[in-house]
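Text of my_file35.cif, listed as mmCIF, C-alpha atoms and all ligand atoms:
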data_target
loop_
_atom_site.group_PDB
_atom_site.id
_atom_site.type_symbol
_atom_site.label_atom_id
_atom_site.label_comp_id
_atom_site.auth_asym_id
_atom_site.auth_seq_id
_atom_site.Cartn_x
_atom_site.Cartn_y
_atom_site.Cartn_z
ATOM 1 C CA MET A 490 96.014 128.333 48.279
ATOM 2 C CA PRO A 491 95.871 129.054 52.016
ATOM 3 C CA PHE A 492 99.156 128.757 53.875
ATOM 4 C CA ARG A 493 99.655 125.239 55.254
ATOM 5 C CA SER A 494 102.156 124.470 57.971
ATOM 6 C CA ASP A 495 103.474 121.174 59.270
ATOM 7 C CA LEU A 496 105.590 121.823 62.313
ATOM 8 C CA GLY A 497 105.071 118.453 63.999
ATOM 9 C CA PRO A 498 103.995 117.811 67.601
ATOM 10 C CA LYS A 499 103.756 120.819 69.878
ATOM 11 C CA PRO A 500 106.711 121.133 72.299
ATOM 12 C CA ARG A 501 106.327 121.618 76.042
ATOM 13 C CA LEU A 502 106.176 125.169 77.421
ATOM 14 C CA GLY A 503 108.913 125.687 80.018
ATOM 15 C CA TYR A 504 108.239 126.249 83.739
ATOM 16 C CA THR A 505 104.569 125.175 83.428
ATOM 17 C CA ASP A 506 102.537 122.074 84.376
ATOM 18 C CA SER A 507 104.078 121.568 87.800
ATOM 19 C CA ARG A 508 103.503 118.119 89.268
ATOM 20 C CA ILE A 509 103.837 119.524 92.771
ATOM 21 C CA ALA A 510 100.698 120.204 94.845
ATOM 22 C CA ARG A 511 101.430 123.444 96.680
ATOM 23 C CA ALA A 512 99.533 122.305 99.800
ATOM 24 C CA ALA A 513 99.127 125.920 100.940
ATOM 25 C CA GLU A 514 96.943 124.765 103.847
ATOM 26 C CA LEU A 515 100.088 123.357 105.505
ATOM 27 C CA ARG A 516 102.042 126.638 105.369
ATOM 28 C CA PRO A 517 100.741 128.116 108.675
ATOM 29 C CA ASP A 518 101.694 124.918 110.551
ATOM 30 C CA ALA A 519 105.360 125.455 111.473
ATOM 31 C CA ALA A 520 105.521 122.124 113.329
ATOM 32 C CA ALA A 521 104.209 120.240 110.285
ATOM 33 C CA ILE A 522 106.743 121.956 108.024
ATOM 34 C CA ALA A 523 109.564 121.138 110.429
ATOM 35 C CA ALA A 524 108.421 117.506 110.518
ATOM 36 C CA MET A 525 108.217 117.377 106.701
ATOM 37 C CA SER A 526 111.779 118.684 106.421
ATOM 38 C CA LYS A 527 112.866 115.536 108.354
ATOM 39 C CA ASP A 528 110.875 113.203 106.094
ATOM 40 C CA PRO A 529 113.338 110.791 104.407
ATOM 41 C CA ASP A 530 111.557 111.414 101.080
ATOM 42 C CA ALA A 531 111.918 115.203 101.362
ATOM 43 C CA GLY A 532 113.997 116.957 98.722
ATOM 44 C CA ALA A 533 115.301 120.457 98.116
ATOM 45 C CA TYR A 534 116.286 122.607 95.164
ATOM 46 C CA VAL A 535 119.399 124.623 96.031
ATOM 47 C CA ILE A 536 119.466 128.136 94.590
ATOM 48 C CA GLY A 537 121.775 131.092 95.175
ATOM 49 C CA GLY A 538 120.560 134.208 93.339
ATOM 50 C CA ASP A 539 120.659 133.335 89.640
ATOM 51 C CA TRP A 540 122.670 130.160 90.259
ATOM 52 C CA ILE A 541 121.006 126.752 90.329
ATOM 53 C CA VAL A 542 123.089 124.066 92.042
ATOM 54 C CA MET A 543 122.858 120.541 90.583
ATOM 55 C CA LYS A 544 124.486 117.177 91.132
ATOM 56 C CA LYS A 545 126.550 116.502 88.047
ATOM 57 C CA GLY A 546 125.143 113.676 85.915
ATOM 58 C CA SER A 547 124.962 112.335 82.391
ATOM 59 C CA PRO A 548 123.089 113.023 80.234
ATOM 60 C CA LEU A 549 121.007 115.020 82.728
ATOM 61 C CA HIS A 550 122.078 116.754 85.913
ATOM 62 C CA ASP A 551 120.054 116.205 89.106
ATOM 63 C CA PRO A 552 118.847 119.407 90.801
ATOM 64 C CA LEU A 553 117.123 117.641 93.702
ATOM 65 C CA PHE A 554 119.144 117.189 96.900
ATOM 66 C CA THR A 555 118.202 115.380 100.098
ATOM 67 C CA MET A 556 117.698 117.802 102.956
ATOM 68 C CA ALA A 557 120.963 116.594 104.529
ATOM 69 C CA GLU A 558 122.860 117.081 101.263
ATOM 70 C CA ALA A 559 121.466 120.604 100.871
ATOM 71 C CA GLN A 560 122.347 121.471 104.461
ATOM 72 C CA ALA A 561 125.867 120.089 103.977
ATOM 73 C CA LEU A 562 126.434 122.453 101.035
ATOM 74 C CA SER A 563 125.637 125.435 103.226
ATOM 75 C CA ALA A 564 122.995 126.552 105.732
ATOM 76 C CA ALA A 565 119.969 128.111 104.023
ATOM 77 C CA THR A 566 119.371 131.860 103.946
ATOM 78 C CA GLU A 567 115.670 130.988 103.661
ATOM 79 C CA THR A 568 113.798 127.720 103.218
ATOM 80 C CA ILE A 569 110.641 127.670 101.098
ATOM 81 C CA PHE A 570 108.027 124.930 101.381
ATOM 82 C CA LEU A 571 107.143 124.315 97.723
ATOM 83 C CA GLY A 572 104.570 121.569 98.319
ATOM 84 C CA LEU A 573 104.185 117.833 97.908
ATOM 85 C CA LEU A 574 105.126 115.594 94.986
ATOM 86 C CA ASP A 575 103.074 112.394 95.403
ATOM 87 C CA GLY A 576 103.262 113.058 99.150
ATOM 88 C CA ALA A 577 107.012 113.764 99.216
ATOM 89 C CA PRO A 578 107.825 117.247 100.583
ATOM 90 C CA ARG A 579 109.726 119.604 98.297
ATOM 91 C CA PHE A 580 111.630 122.665 99.474
ATOM 92 C CA GLY A 581 113.635 125.532 98.062
ATOM 93 C CA HIS A 582 116.979 125.922 99.883
ATOM 94 C CA GLY A 583 118.285 129.447 99.437
ATOM 95 C CA LEU A 584 121.975 130.360 99.436
ATOM 96 C CA ALA A 585 123.731 133.678 99.047
ATOM 97 C CA SER A 586 124.717 134.140 95.412
ATOM 98 C CA GLN A 587 128.438 134.175 96.270
ATOM 99 C CA THR A 588 128.056 130.947 98.294
ATOM 100 C CA ALA A 589 126.587 129.180 95.241
ATOM 101 C CA GLU A 590 129.291 130.631 93.033
ATOM 102 C CA ALA A 591 132.002 129.324 95.382
ATOM 103 C CA LEU A 592 130.541 125.803 95.040
ATOM 104 C CA LYS A 593 131.442 125.830 91.338
ATOM 105 C CA SER A 594 134.888 124.551 92.272
ATOM 106 C CA ARG A 595 133.397 121.191 93.339
ATOM 107 C CA ASP A 596 133.742 118.489 90.690
ATOM 108 C CA SER A 597 130.571 116.706 91.809
ATOM 109 C CA LEU A 598 128.377 119.762 91.117
ATOM 110 C CA HIS A 599 127.210 121.586 88.023
ATOM 111 C CA ILE A 600 126.107 125.167 88.662
ATOM 112 C CA THR A 601 124.586 127.413 86.042
ATOM 113 C CA ASP A 602 121.660 129.786 85.457
ATOM 114 C CA LEU A 603 118.056 128.683 84.921
ATOM 115 C CA ARG A 604 117.806 130.003 81.344
ATOM 116 C CA SER A 605 120.719 127.778 80.288
ATOM 117 C CA ILE A 606 119.202 124.801 82.103
ATOM 118 C CA ALA A 607 115.837 125.276 80.371
ATOM 119 C CA VAL A 608 117.089 126.063 76.873
ATOM 120 C CA GLN A 609 119.746 123.340 76.865
ATOM 121 C CA GLY A 610 117.528 120.775 78.623
ATOM 122 C CA LEU A 611 120.076 120.076 81.353
ATOM 123 C CA VAL A 612 117.531 118.567 83.805
ATOM 124 C CA ALA A 613 114.370 116.468 83.451
ATOM 125 C CA PRO A 614 111.529 118.866 82.437
ATOM 126 C CA GLU A 615 109.498 118.114 85.581
ATOM 127 C CA HIS A 616 112.108 119.984 87.664
ATOM 128 C CA LEU A 617 111.708 123.296 85.830
ATOM 129 C CA PRO A 618 108.416 124.460 87.454
ATOM 130 C CA PRO A 619 109.555 123.941 91.082
ATOM 131 C CA ILE A 620 112.953 125.509 90.357
ATOM 132 C CA ALA A 621 111.173 128.515 88.824
ATOM 133 C CA GLU A 622 108.873 128.719 91.850
ATOM 134 C CA ALA A 623 111.710 128.513 94.363
ATOM 135 C CA LYS A 624 113.918 130.961 92.459
ATOM 136 C CA ALA A 625 111.195 133.614 92.268
ATOM 137 C CA VAL A 626 110.255 133.355 95.955
ATOM 138 C CA LEU A 627 113.887 133.318 97.112
ATOM 139 C CA HIS A 628 114.568 136.427 95.014
ATOM 140 C CA TRP A 629 111.624 138.138 96.727
ATOM 141 C CA HIS A 630 113.012 137.234 100.181
ATOM 142 C CA ALA A 631 116.446 138.598 99.295
ATOM 143 C CA ARG A 632 114.852 141.965 98.384
ATOM 144 C CA HIS A 633 112.394 142.200 101.305
ATOM 145 C CA ARG A 634 114.503 141.731 104.387
ATOM 146 C CA PHE A 635 113.328 145.148 105.602
ATOM 147 C CA CYS A 636 109.762 146.404 105.908
ATOM 148 C CA PRO A 637 108.855 148.816 103.077
ATOM 149 C CA ASN A 638 106.401 150.467 105.465
ATOM 150 C CA CYS A 639 108.611 151.238 108.501
ATOM 151 C CA GLY A 640 112.140 150.033 107.659
ATOM 152 C CA ALA A 641 112.428 147.449 110.457
ATOM 153 C CA ALA A 642 113.792 143.964 109.773
ATOM 154 C CA THR A 643 111.154 141.459 108.600
ATOM 155 C CA ARG A 644 110.959 137.730 109.300
ATOM 156 C CA ALA A 645 109.903 134.879 106.991
ATOM 157 C CA VAL A 646 106.895 132.857 108.184
ATOM 158 C CA GLN A 647 104.361 130.433 106.654
ATOM 159 C CA GLY A 648 106.917 128.180 105.019
ATOM 160 C CA GLY A 649 108.507 131.144 103.264
ATOM 161 C CA TRP A 650 105.266 132.497 101.749
ATOM 162 C CA LYS A 651 105.015 135.625 103.915
ATOM 163 C CA ARG A 652 107.242 138.065 105.777
ATOM 164 C CA ASP A 653 106.055 139.765 108.962
ATOM 165 C CA CYS A 654 107.220 143.067 110.400
ATOM 166 C CA ALA A 655 107.385 142.814 114.196
ATOM 167 C CA GLN A 656 107.509 146.617 114.558
ATOM 168 C CA CYS A 657 104.509 147.885 112.530
ATOM 169 C CA LYS A 658 102.767 144.495 112.131
ATOM 170 C CA ALA A 659 102.633 144.812 108.330
ATOM 171 C CA GLU A 660 102.408 141.535 106.433
ATOM 172 C CA HIS A 661 104.271 141.161 103.137
ATOM 173 C CA PHE A 662 103.551 138.578 100.452
ATOM 174 C CA PRO A 663 105.625 137.438 97.440
ATOM 175 C CA ARG A 664 104.812 139.438 94.330
ATOM 176 C CA THR A 665 104.508 138.487 90.674
ATOM 177 C CA ASP A 666 104.924 141.147 88.002
ATOM 178 C CA PRO A 667 102.505 140.752 85.053
ATOM 179 C CA VAL A 668 103.986 141.224 81.598
ATOM 180 C CA VAL A 669 102.055 141.234 78.310
ATOM 181 C CA ILE A 670 103.758 139.449 75.432
ATOM 182 C CA MET A 671 101.888 139.705 72.179
ATOM 183 C CA LEU A 672 101.945 139.011 68.500
ATOM 184 C CA ALA A 673 100.260 141.649 66.369
ATOM 185 C CA SER A 674 99.119 140.265 63.024
ATOM 186 C CA ASP A 675 96.894 141.212 60.096
ATOM 187 C CA GLY A 676 96.137 137.803 58.646
ATOM 188 C CA GLU A 677 99.014 137.678 56.181
ATOM 189 C CA ARG A 678 101.822 139.138 58.262
ATOM 190 C CA CYS A 679 102.918 139.376 61.880
ATOM 191 C CA LEU A 680 105.013 141.943 63.702
ATOM 192 C CA LEU A 681 108.265 140.756 65.287
ATOM 193 C CA GLY A 682 110.929 142.813 67.004
ATOM 194 C CA ARG A 683 114.518 142.492 68.114
ATOM 195 C CA SER A 684 115.831 143.577 71.480
ATOM 196 C CA PRO A 685 119.516 144.552 71.574
ATOM 197 C CA ARG A 686 119.826 141.824 74.259
ATOM 198 C CA PHE A 687 118.808 139.036 71.840
ATOM 199 C CA VAL A 688 121.256 136.763 70.063
ATOM 200 C CA PRO A 689 121.884 138.404 66.668
ATOM 201 C CA THR A 690 119.575 136.136 64.625
ATOM 202 C CA MET A 691 116.542 136.069 66.933
ATOM 203 C CA TRP A 692 113.241 137.905 66.444
ATOM 204 C CA SER A 693 110.331 137.663 68.867
ATOM 205 C CA CYS A 694 107.006 139.025 70.084
ATOM 206 C CA LEU A 695 106.892 142.491 71.604
ATOM 207 C CA ALA A 696 106.484 142.560 75.392
ATOM 208 C CA GLY A 697 106.218 144.933 78.317
ATOM 209 C CA PHE A 698 105.171 145.245 81.947
ATOM 210 C CA ILE A 699 101.536 145.951 82.715
ATOM 211 C CA GLU A 700 101.326 149.265 84.556
ATOM 212 C CA PRO A 701 99.109 149.964 87.585
ATOM 213 C CA GLY A 702 95.583 150.777 86.481
ATOM 214 C CA GLU A 703 95.944 149.004 83.137
ATOM 215 C CA SER A 704 94.034 146.016 81.794
ATOM 216 C CA ILE A 705 95.815 143.328 79.780
ATOM 217 C CA GLU A 706 94.174 144.730 76.631
ATOM 218 C CA ASP A 707 95.259 148.297 77.465
ATOM 219 C CA ALA A 708 98.852 147.151 77.973
ATOM 220 C CA VAL A 709 98.878 145.229 74.663
ATOM 221 C CA HIS A 710 97.594 148.318 72.838
ATOM 222 C CA ARG A 711 100.039 150.682 74.561
ATOM 223 C CA GLU A 712 103.157 148.537 74.209
ATOM 224 C CA THR A 713 102.539 147.775 70.528
ATOM 225 C CA ARG A 714 101.959 151.461 69.811
ATOM 226 C CA GLU A 715 104.961 152.626 71.895
ATOM 227 C CA GLU A 716 107.484 150.091 70.619
ATOM 228 C CA ALA A 717 106.460 149.798 66.962
ATOM 229 C CA GLY A 718 103.907 152.542 66.243
ATOM 230 C CA ILE A 719 101.240 149.971 65.344
ATOM 231 C CA THR A 720 97.630 150.425 66.443
ATOM 232 C CA CYS A 721 95.852 147.212 67.425
ATOM 233 C CA GLY A 722 92.182 146.324 67.709
ATOM 234 C CA ARG A 723 90.945 143.082 69.177
ATOM 235 C CA VAL A 724 93.120 141.225 71.698
ATOM 236 C CA LEU A 725 92.876 137.465 72.296
ATOM 237 C CA TYR A 726 94.322 135.770 75.370
ATOM 238 C CA PHE A 727 96.490 132.790 74.405
ATOM 239 C CA ALA A 728 98.300 131.291 77.441
ATOM 240 C CA SER A 729 100.549 132.337 80.299
ATOM 241 C CA GLN A 730 103.942 131.348 81.652
ATOM 242 C CA PRO A 731 105.769 132.014 84.912
ATOM 243 C CA TRP A 732 109.015 133.740 84.032
ATOM 244 C CA PRO A 733 111.289 133.851 87.090
ATOM 245 C CA PHE A 734 113.749 136.468 85.759
ATOM 246 C CA PRO A 735 113.255 137.636 88.384
ATOM 247 C CA ALA A 736 109.518 137.339 89.111
ATOM 248 C CA SER A 737 107.273 137.836 86.089
ATOM 249 C CA LEU A 738 104.140 136.235 84.750
ATOM 250 C CA MET A 739 104.105 136.361 80.957
ATOM 251 C CA ILE A 740 100.557 136.836 79.642
ATOM 252 C CA GLY A 741 100.559 135.711 76.017
ATOM 253 C CA CYS A 742 98.151 137.389 73.589
ATOM 254 C CA HIS A 743 97.418 137.820 69.915
ATOM 255 C CA ALA A 744 96.430 141.284 68.737
ATOM 256 C CA GLU A 745 94.728 142.372 65.544
ATOM 257 C CA ALA A 746 96.966 144.905 63.775
ATOM 258 C CA LEU A 747 94.956 147.793 62.307
ATOM 259 C CA THR A 748 97.778 149.891 60.841
ATOM 260 C CA ASN A 749 100.734 149.160 58.612
ATOM 261 C CA GLU A 750 103.511 151.683 59.099
ATOM 262 C CA ILE A 751 106.094 150.705 61.717
ATOM 263 C CA VAL A 752 107.850 153.360 63.796
ATOM 264 C CA VAL A 753 110.496 151.649 65.937
ATOM 265 C CA ASP A 754 111.256 152.940 69.432
ATOM 266 C CA ARG A 755 115.042 152.608 69.293
ATOM 267 C CA GLU A 756 115.311 152.920 73.083
ATOM 268 C CA GLU A 757 113.423 149.635 73.452
ATOM 269 C CA LEU A 758 114.071 147.772 70.215
ATOM 270 C CA GLU A 759 116.913 147.373 67.782
ATOM 271 C CA ASP A 760 114.399 146.775 64.988
ATOM 272 C CA ALA A 761 110.852 145.644 64.182
ATOM 273 C CA ARG A 762 109.300 144.518 60.913
ATOM 274 C CA TRP A 763 106.536 142.479 59.303
ATOM 275 C CA PHE A 764 107.078 138.784 58.553
ATOM 276 C CA SER A 765 105.040 136.455 56.306
ATOM 277 C CA LYS A 766 103.789 133.073 57.504
ATOM 278 C CA GLY A 767 106.205 131.265 55.211
ATOM 279 C CA GLU A 768 109.162 133.207 56.578
ATOM 280 C CA VAL A 769 108.145 132.639 60.202
ATOM 281 C CA GLU A 770 107.585 128.939 59.587
ATOM 282 C CA ALA A 771 111.150 128.701 58.230
ATOM 283 C CA MET A 772 112.372 130.504 61.370
ATOM 284 C CA LEU A 773 110.484 128.078 63.649
ATOM 285 C CA MET A 774 112.021 125.143 61.749
ATOM 286 C CA ARG A 775 115.493 126.744 61.816
ATOM 287 C CA LYS A 776 115.537 126.717 58.012
ATOM 288 C CA HIS A 777 115.437 130.454 57.292
ATOM 289 C CA PRO A 778 117.822 131.325 54.411
ATOM 290 C CA GLU A 779 119.380 134.171 56.418
ATOM 291 C CA GLY A 780 119.527 132.092 59.608
ATOM 292 C CA LEU A 781 116.840 134.111 61.408
ATOM 293 C CA THR A 782 115.184 132.326 64.344
ATOM 294 C CA THR A 783 112.319 132.571 66.805
ATOM 295 C CA PRO A 784 112.812 132.043 70.561
ATOM 296 C CA PRO A 785 113.195 128.381 71.631
ATOM 297 C CA PRO A 786 110.180 126.232 72.655
ATOM 298 C CA VAL A 787 110.869 126.798 76.354
ATOM 299 C CA ALA A 788 109.586 130.397 75.906
ATOM 300 C CA ILE A 789 105.943 131.311 75.420
ATOM 301 C CA ALA A 790 106.846 133.544 72.450
ATOM 302 C CA HIS A 791 107.624 130.398 70.448
ATOM 303 C CA HIS A 792 104.123 129.040 71.123
ATOM 304 C CA ILE A 793 102.367 132.361 70.436
ATOM 305 C CA ILE A 794 104.163 132.668 67.089
ATOM 306 C CA ARG A 795 103.593 129.028 66.181
ATOM 307 C CA ALA A 796 99.844 129.227 66.860
ATOM 308 C CA TRP A 797 99.612 132.097 64.370
ATOM 309 C CA VAL A 798 101.601 130.195 61.722
ATOM 310 C CA GLU A 799 99.342 127.180 62.261
ATOM 311 C CA ASP A 800 96.220 129.309 61.627
ATOM 312 C CA GLU A 801 94.828 128.826 65.136
ATOM 313 C CA ILE A 802 94.110 132.536 65.620
ATOM 314 C CA ASN A 803 90.795 133.982 64.511
ATOM 315 C CA PHE A 804 89.778 137.510 65.527
ATOM 316 C CA ASP A 805 86.239 137.194 64.138
HETATM 317 ZN ZN ZN B 901 107.104 147.561 109.420
#
Could you quickly redo this structure as structure tokens?
Amino acid sequence: MPFRSDLGPKPRLGYTDSRIARAAELRPDAAAIAAMSKDPDAGAYVIGGDWIVMKKGSPLHDPLFTMAEAQALSAATETIFLGLLDGAPRFGHGLASQTAEALKSRDSLHITDLRSIAVQGLVAPEHLPPIAEAKAVLHWHARHRFCPNCGAATRAVQGGWKRDCAQCKAEHFPRTDPVVIMLASDGERCLLGRSPRFVPTMWSCLAGFIEPGESIEDAVHRETREEAGITCGRVLYFASQPWPFPASLMIGCHAEALTNEIVVDREELEDARWFSKGEVEAMLMRKHPEGLTTPPPVAIAHHIIRAWVEDEINFD
């Protein structure tokens, strides 16, 4: 009998499917952006480092402030034009991390990190993509106040999507760091690992940054070999996910495992081992006898693992 799984409807992948049109053509028009910031329908997400500021609510908190409300909390370190939601301008309003932290004393606000918001479902799901976008760009601004070419101070332009150096004329653009996250499998079993940073019961896909000069396939092969000693063959692209911790793009793949013997890199992983489909299904359903779990649906690893359990992956 082939393995049959019934995991129910597929959950939403966090930080994806933004409803906001980025309207990049408006970014060079400083007057238009200034006018949009005065639009009564404009709204801003207020972010200070890892802290997301929200208006306290029940059951959900509201992360969208009017421009006046955002300004009243504190002047922005940088303002990012995120785009238009059904014509209504959306901005990211950056604060210093310590400024956001100081706001925690206000009863009307709830301030926590984005991972907690996503995993616990503290805001309506439609807010996650623009918060992720704003958080990643604001993090880039905080780290690029000086020109990496000549050391002079840089200045944000184009609605927060570029920084210019007045001294050497270099232009700097926000960066995204590609990461491969993959599930190696051999038909019957898949390879999961545990980072020492994980909660004690959780096992997940292996992952690592793509290095300069590497293809996605090269990085999948290298990371799987380095972290677990497993050689892989064919690599299938699955899906991707922005991962603003601080500025990654997770590139989800399945990889065909060609070898069996695991050699764990203890610098990177606490452990790695093979799992059967039945065991992984129990983990996805939170019914594993030892309480082992996969990452939550907000993370792409959950979807990569689930697709394998549901027999959607075919290397032929
Ligand atoms: Zn410069």
Hey, which residues sit close to ligand ZN 901 (chain B)? Say within 12 Å, counting only C-alpha atoms and all ligand atoms, and write them as a VMD selection string. chain A and resid 633 to 644 652 to 661
Expand the PyMOL selection byres (((chain A and resi 792) around 10) and not hetatm) into the explicit residue set it covers here, and present it as an MDAnalysis selection string. chainID A and resid 499:502 727:728 741 773 783:791 793:798
For the structure provided, state which residues fall under the PyMOL selection byres (((chain A and resi 725) around 8) and not hetatm), and present them as a PDB file with C-alpha atoms, keeping the file's coordinate frame.
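This is the output file part.pdb:
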ATOM      1  CA  ARG A 723      90.945 143.082  69.177  1.00  0.00           C
ATOM      2  CA  VAL A 724      93.120 141.225  71.698  1.00  0.00           C
ATOM      3  CA  TYR A 726      94.322 135.770  75.370  1.00  0.00           C
ATOM      4  CA  PHE A 727      96.490 132.790  74.405  1.00  0.00           C
ATOM      5  CA  CYS A 742      98.151 137.389  73.589  1.00  0.00           C
ATOM      6  CA  HIS A 743      97.418 137.820  69.915  1.00  0.00           C
ATOM      7  CA  ALA A 744      96.430 141.284  68.737  1.00  0.00           C
ATOM      8  CA  PHE A 804      89.778 137.510  65.527  1.00  0.00           C
TER       9      PHE A 804
END
Rounded to one decimal, what separation in Å do you get between CA of Ile606 in chain A and CA of Leu584 in chain A? 18.4 Å
Determine the residue set returned by the PyMOL selection byres (((chain A and resi 532-547) around 6) and not hetatm) for the present structure, and present it as a list in words.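 With the shown file as input, the PyMOL selection byres (((chain A and resi 532-547) around 6) and not hetatm) matches Ala531, Pro548, Leu549, His550, Asp551, Pro552, Leu553, Phe554, Thr555, Met556, Arg579, Phe580, Gly581, His582, Gly583, Leu584, Ala585, Ser586, Ala589, Ser597, Leu598, His599, Ile600, Thr601 and Asp602 of chain A.
When only C-alpha atoms are used to compute distances to Pro685 in chain A, the closest of the residues A:Asp530, A:Leu758, A:Ile509, A:Met525 turns out to be A:Leu758.
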Write out as a ChimeraX atom specification each polymer residue whose atoms come within 10 Å of Pro618 in chain A, counting all atoms listed in the file; drop sequence neighbours fewer than 3 positions from it. /A:503-509,614-615,621-624,731-733
Using C-alpha atoms, can you export the residues from the last selection as a PDB file, in the coordinates of the input?
ATOM      1  CA  GLY A 503     108.913 125.687  80.018  1.00  0.00           C
ATOM      2  CA  TYR A 504     108.239 126.249  83.739  1.00  0.00           C
ATOM      3  CA  THR A 505     104.569 125.175  83.428  1.00  0.00           C
ATOM      4  CA  ASP A 506     102.537 122.074  84.376  1.00  0.00           C
ATOM      5  CA  SER A 507     104.078 121.568  87.800  1.00  0.00           C
ATOM      6  CA  ARG A 508     103.503 118.119  89.268  1.00  0.00           C
ATOM      7  CA  ILE A 509     103.837 119.524  92.771  1.00  0.00           C
ATOM      8  CA  PRO A 614     111.529 118.866  82.437  1.00  0.00           C
ATOM      9  CA  GLU A 615     109.498 118.114  85.581  1.00  0.00           C
ATOM     10  CA  ALA A 621     111.173 128.515  88.824  1.00  0.00           C
ATOM     11  CA  GLU A 622     108.873 128.719  91.850  1.00  0.00           C
ATOM     12  CA  ALA A 623     111.710 128.513  94.363  1.00  0.00           C
ATOM     13  CA  LYS A 624     113.918 130.961  92.459  1.00  0.00           C
ATOM     14  CA  PRO A 731     105.769 132.014  84.912  1.00  0.00           C
ATOM     15  CA  TRP A 732     109.015 133.740  84.032  1.00  0.00           C
ATOM     16  CA  PRO A 733     111.289 133.851  87.090  1.00  0.00           C
TER      17      PRO A 733
END
Rebuild all heavy atoms on range 738-743 of chain A, as a tab-separated table (two decimals), keeping the file's coordinate frame?
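Heads up, here's the output in selection-v1.tsv:
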chain	number	residue	atom	x	y	z
A	738	LEU	N	105.11	137.13	85.36
A	738	LEU	CA	104.14	136.24	84.75
A	738	LEU	C	103.92	136.75	83.34
A	738	LEU	O	103.44	137.87	83.14
A	738	LEU	CB	102.81	136.24	85.52
A	738	LEU	CG	101.70	135.43	84.85
A	738	LEU	CD1	102.01	133.94	84.89
A	738	LEU	CD2	100.35	135.72	85.50
A	739	MET	N	104.29	135.96	82.35
A	739	MET	CA	104.10	136.36	80.96
A	739	MET	C	102.68	136.03	80.54
A	739	MET	O	102.25	134.87	80.65
A	739	MET	CB	105.09	135.63	80.03
A	739	MET	CG	106.55	135.71	80.46
A	739	MET	SD	107.16	137.39	80.55
A	739	MET	CE	107.54	137.68	78.82
A	740	ILE	N	101.94	137.03	80.08
A	740	ILE	CA	100.56	136.84	79.64
A	740	ILE	C	100.55	136.93	78.12
A	740	ILE	O	100.71	138.02	77.55
A	740	ILE	CB	99.64	137.89	80.28
A	740	ILE	CG1	99.73	137.78	81.81
A	740	ILE	CG2	98.20	137.71	79.79
A	740	ILE	CD1	99.05	138.92	82.54
A	741	GLY	N	100.43	135.79	77.48
A	741	GLY	CA	100.56	135.71	76.02
A	741	GLY	C	99.26	136.07	75.32
A	741	GLY	O	98.20	135.55	75.67
A	742	CYS	N	99.34	136.93	74.32
A	742	CYS	CA	98.15	137.39	73.59
A	742	CYS	C	98.44	137.47	72.10
A	742	CYS	O	99.59	137.61	71.67
A	742	CYS	CB	97.73	138.79	74.06
A	742	CYS	SG	97.19	138.85	75.77
A	743	HIS	N	97.37	137.43	71.32
A	743	HIS	CA	97.42	137.82	69.92
A	743	HIS	C	96.63	139.12	69.78
A	743	HIS	O	95.61	139.29	70.45
A	743	HIS	CB	96.82	136.73	69.02
A	743	HIS	CG	97.70	135.53	68.92
A	743	HIS	ND1	97.58	134.45	69.77
A	743	HIS	CD2	98.73	135.24	68.09
A	743	HIS	CE1	98.49	133.55	69.45
A	743	HIS	NE2	99.22	134.00	68.44
